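File shown: target-v1.pdb (PDB, C-alpha atoms).
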MODEL        1
ATOM      1  CA  MET A 260     -12.800   5.696   4.344
ATOM      2  CA  LYS A 261     -15.664   5.547   1.919
ATOM      3  CA  GLU A 262     -15.185   3.804  -1.437
ATOM      4  CA  ASN A 263     -13.100   5.923  -3.812
ATOM      5  CA  ALA A 264     -12.720   5.159  -7.540
ATOM      6  CA  THR A 265      -9.188   6.597  -7.749
ATOM      7  CA  VAL A 266      -7.937   4.482  -4.857
ATOM      8  CA  SER A 267      -9.738   1.366  -6.119
ATOM      9  CA  LYS A 268      -8.182   1.783  -9.563
ATOM     10  CA  MET A 269      -4.717   2.223  -8.051
ATOM     11  CA  VAL A 270      -5.100  -0.904  -5.905
ATOM     12  CA  SER A 271      -6.289  -2.876  -8.930
ATOM     13  CA  GLU A 272      -3.255  -1.754 -10.940
ATOM     14  CA  ILE A 273      -0.895  -2.660  -8.074
ATOM     15  CA  VAL A 274      -2.449  -6.140  -7.814
ATOM     16  CA  LYS A 275      -1.732  -6.689 -11.518
ATOM     17  CA  ILE A 276       1.890  -5.546 -11.132
ATOM     18  CA  CYS A 277       3.003  -7.497  -8.070
ATOM     19  CA  SER A 278       0.214  -9.773  -6.729
ATOM     20  CA  PRO A 279       0.589  -8.488  -3.155
ATOM     21  CA  PHE A 280      -0.526 -10.402  -0.086
ATOM     22  CA  GLN A 281      -2.163  -7.273   1.326
ATOM     23  CA  VAL A 282      -2.718  -3.607   0.528
ATOM     24  CA  PHE A 283      -3.528  -1.193   3.351
ATOM     25  CA  MET A 284      -4.748   2.389   3.288
ATOM     26  CA  VAL A 285      -2.425   4.307   5.581
ATOM     27  CA  SER A 286      -3.701   7.839   5.006
ATOM     28  CA  PHE A 287      -6.388   9.499   2.930
ATOM     29  CA  LYS A 288      -6.494  13.287   2.641
ATOM     30  CA  THR A 289      -9.221  15.431   1.157
ATOM     31  CA  ASN A 290      -9.428  19.095   0.225
ATOM     32  CA  SER A 291     -11.978  21.598   1.533
ATOM     33  CA  ARG A 292     -14.523  20.336  -1.035
ATOM     34  CA  GLY A 293     -14.177  16.773   0.269
ATOM     35  CA  GLU A 294     -12.298  15.604  -2.845
ATOM     36  CA  LEU A 295      -9.347  13.231  -2.582
ATOM     37  CA  SER A 296      -6.103  15.226  -2.537
ATOM     38  CA  SER A 297      -3.563  12.494  -1.638
ATOM     39  CA  PHE A 298      -3.238   9.056  -0.103
ATOM     40  CA  LYS A 299      -0.673   6.563   1.129
ATOM     41  CA  LEU A 300      -0.718   2.792   0.682
ATOM     42  CA  CYS A 301       1.267   0.064   2.404
ATOM     43  CA  ILE A 302       1.837  -3.055   0.309
ATOM     44  CA  VAL A 303       2.995  -6.466   1.568
ATOM     45  CA  VAL A 304       4.655  -8.512  -1.197
ATOM     46  CA  ASP A 305       6.366 -11.866  -1.588
ATOM     47  CA  ASP A 306       9.996 -12.227  -0.509
ATOM     48  CA  CYS A 307      10.946 -12.899  -4.152
ATOM     49  CA  TYR A 308      11.042  -9.120  -4.691
ATOM     50  CA  GLU A 309      14.680  -8.481  -3.845
ATOM     51  CA  ASP A 310      14.806  -4.903  -5.132
ATOM     52  CA  ILE A 311      12.018  -3.038  -3.375
ATOM     53  CA  LYS A 312      13.142   0.307  -4.839
ATOM     54  CA  LYS A 313      12.750  -1.135  -8.348
ATOM     55  CA  LEU A 314       9.285  -2.466  -7.499
ATOM     56  CA  GLU A 315       8.327   0.930  -6.101
ATOM     57  CA  ALA A 316       9.557   2.594  -9.308
ATOM     58  CA  ASP A 317       7.663   0.030 -11.422
ATOM     59  CA  ILE A 318       4.473   0.818  -9.529
ATOM     60  CA  GLN A 319       4.944   4.575  -9.924
ATOM     61  CA  MET A 320       5.773   4.264 -13.645
ATOM     62  CA  ASN A 321       3.036   1.746 -14.515
ATOM     63  CA  THR A 322       0.090   3.258 -12.669
ATOM     64  CA  ASP A 323      -1.831   6.383 -13.468
ATOM     65  CA  CYS A 324      -2.976   8.282 -10.421
ATOM     66  CA  PRO A 325      -4.316  11.852 -10.782
ATOM     67  CA  VAL A 326      -3.438  12.756  -7.164
ATOM     68  CA  PRO A 327      -0.230  12.279  -5.148
ATOM     69  CA  CYS A 328       0.076   8.702  -3.907
ATOM     70  CA  ASP A 329       2.840   7.326  -1.699
ATOM     71  CA  VAL A 330       3.597   3.625  -1.614
ATOM     72  CA  ILE A 331       5.406   1.838   1.215
ATOM     73  CA  ILE A 332       6.436  -1.733   0.479
ATOM     74  CA  TYR A 333       7.302  -4.550   2.887
ATOM     75  CA  ARG A 334       8.441  -8.035   1.974
ATOM     76  CA  VAL A 335       6.273 -10.547   3.854
ATOM     77  CA  SER A 336       9.206 -11.745   6.002
ATOM     78  CA  GLU A 337       9.950  -8.136   7.051
ATOM     79  CA  TRP A 338       6.257  -7.527   7.698
ATOM     80  CA  ASN A 339       5.921 -10.638   9.865
ATOM     81  CA  GLU A 340       9.016  -9.631  11.806
ATOM     82  CA  CYS A 341       7.787  -6.088  12.481
ATOM     83  CA  VAL A 342       4.023  -6.457  12.844
ATOM     84  CA  GLU A 343       4.154  -7.739  16.439
ATOM     85  CA  ASP A 344       6.411  -4.893  17.673
ATOM     86  CA  ASP A 345       4.249  -1.978  18.812
ATOM     87  CA  CYS A 346       7.111   0.452  18.092
ATOM     88  CA  THR A 347       7.054  -0.217  14.333
ATOM     89  CA  PHE A 348       5.203   1.350  11.448
ATOM     90  CA  ALA A 349       4.001  -2.109  10.368
ATOM     91  CA  TYR A 350       2.317  -2.588  13.754
ATOM     92  CA  ARG A 351       0.512   0.763  13.425
ATOM     93  CA  VAL A 352      -0.611  -0.069   9.884
ATOM     94  CA  GLU A 353      -1.826  -3.540  10.905
ATOM     95  CA  ASN A 354      -3.844  -2.082  13.782
ATOM     96  CA  ALA A 355      -5.045   1.255  12.387
ATOM     97  CA  GLY A 356      -4.816   0.929   8.596
ATOM     98  CA  GLU A 357      -7.695  -0.187   6.439
ATOM     99  CA  VAL A 358      -7.271  -3.396   4.444
ATOM    100  CA  LEU A 359      -8.129  -2.614   0.818
ATOM    101  CA  TYR A 360      -6.985  -5.907  -0.661
ATOM    102  CA  GLU A 361      -6.088  -9.282   0.776
ATOM    103  CA  GLN A 362      -4.930 -12.291  -1.223
ATOM    104  CA  MET A 363      -7.207 -15.276  -0.767
TER     105      MET A 363
ENDMDL
END
As structure tokens, what does this structure read like?
Amino acid sequence: MKENATVSKMVSEIVKICSPFQVFMVSFKTNSRGELSSFKLCIVVDDCYEDIKKLEADIQMNTDCPVPCDVIIYRVSEWNECVEDDCTFAYRVENAGEVLYEQM
């Protein structure tokens, strides 16, 4: 994926909301003119986030994205449990997704 201002802004806003360990691009769709039409991110957050649905809602309510954006959230313990199993979504994201942000 080439650099995209909409995606970069969304990732920046997510980092401010929940300080994730990692943010991955899962999918990036464009229209016939090559313009971004939708995208999906996978976010790995600290285990302190007990209510993932609330965090997802917070992200949707507190970010401004002009195109449809889906967010999938894993707690780090869930991520670490799933990432080694080649039958899981986490494994596919780890191996085929693009890292957009990684906590140092």
**Asked** Using only C-alpha atoms, which of the listed residues (A:Trp338, A:Gly356, A:Ser296, A:Glu343) sits closest to Asn263 of chain A?
**Response**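 Using only C-alpha atoms, the shortest distance to Asn263 of chain A belongs to A:Ser296.
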**Message:** Under the PyMOL selection byres ((chain A and resi 308) around 12), which residues of this model are included? Write them out as a list in words.
**Reply:**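 On the file shown, the PyMOL selection byres ((chain A and resi 308) around 12) covers Ile276, Cys277, Ser278, Pro279, Val303, Val304, Asp305, Asp306, Cys307, Glu309, Asp310, Ile311, Lys312, Lys313, Leu314, Glu315, Asp317, Ile332, Tyr333, Arg334, Val335, Ser336 and Glu337 of chain A.
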Explicit residues for the PyMOL selection byres ((chain A and resi 286) around 12) (as an mmCIF file with C-alpha atoms, in the frame of the given file):
data_model
loop_
_atom_site.group_PDB
_atom_site.id
_atom_site.type_symbol
_atom_site.label_atom_id
_atom_site.label_comp_id
_atom_site.auth_asym_id
_atom_site.auth_seq_id
_atom_site.Cartn_x
_atom_site.Cartn_y
_atom_site.Cartn_z
ATOM 1 C CA MET A 260 -12.800 5.696 4.344
ATOM 2 C CA VAL A 266 -7.937 4.482 -4.857
ATOM 3 C CA PHE A 283 -3.528 -1.193 3.351
ATOM 4 C CA MET A 284 -4.748 2.389 3.288
ATOM 5 C CA VAL A 285 -2.425 4.307 5.581
ATOM 6 C CA PHE A 287 -6.388 9.499 2.930
ATOM 7 C CA LYS A 288 -6.494 13.287 2.641
ATOM 8 C CA THR A 289 -9.221 15.431 1.157
ATOM 9 C CA LEU A 295 -9.347 13.231 -2.582
ATOM 10 C CA SER A 296 -6.103 15.226 -2.537
ATOM 11 C CA SER A 297 -3.563 12.494 -1.638
ATOM 12 C CA PHE A 298 -3.238 9.056 -0.103
ATOM 13 C CA LYS A 299 -0.673 6.563 1.129
ATOM 14 C CA LEU A 300 -0.718 2.792 0.682
ATOM 15 C CA CYS A 301 1.267 0.064 2.404
ATOM 16 C CA PRO A 327 -0.230 12.279 -5.148
ATOM 17 C CA CYS A 328 0.076 8.702 -3.907
ATOM 18 C CA ASP A 329 2.840 7.326 -1.699
ATOM 19 C CA VAL A 330 3.597 3.625 -1.614
ATOM 20 C CA ILE A 331 5.406 1.838 1.215
ATOM 21 C CA ARG A 351 0.512 0.763 13.425
ATOM 22 C CA VAL A 352 -0.611 -0.069 9.884
ATOM 23 C CA ALA A 355 -5.045 1.255 12.387
ATOM 24 C CA GLY A 356 -4.816 0.929 8.596
ATOM 25 C CA GLU A 357 -7.695 -0.187 6.439
ATOM 26 C CA VAL A 358 -7.271 -3.396 4.444
#
**Fill in**
One decimal place gives the atom CA of Val282 of chain A-atom CA of Gln362 of chain A separation as 9.1 Å
Taking all atoms of segment 276-284 of chain A that the file lists, what box with edges along x, y and z, padded by 4 Å per side, do you get, with centre and edge lengths in Å to one decimal, as AutoDock Vina command-line options?
--center_x -0.9 --center_y -4.0 --center_z -3.9 --size_x 15.8 --size_y 20.8 --size_z 22.5
**Asked** So how many Å separate atom CA of Phe280 of chain A and atom CA of Ala349 of chain A, to one decimal?
**Response**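 Value for the atom CA of Phe280 of chain A-atom CA of Ala349 of chain A distance: 14.1 Å.
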**Asked** What is the distance, in Å and to one decimal place, between atom CA of Tyr360 of chain A and atom CA of Asp323 of chain A?
**Response**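 Atom CA of Asp323 of chain A lies 18.5 Å from atom CA of Tyr360 of chain A.
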**Message:** When you count all atoms listed in the file, which of these residues is closest to Ala264 of chain A: A:Asn354, A:Glu361, A:Asp344, A:Glu294?
**Reply:**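 With all atoms listed in the file as the atom set, the closest residue is A:Glu294.
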**Residue with smallest distance to Cys324 of chain A - pool A:Met269, A:Glu340, A:Val274, A:Glu262, counting only C-alpha atoms** =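 Answer, going by the shortest atom-to-atom distance: A:Met269.
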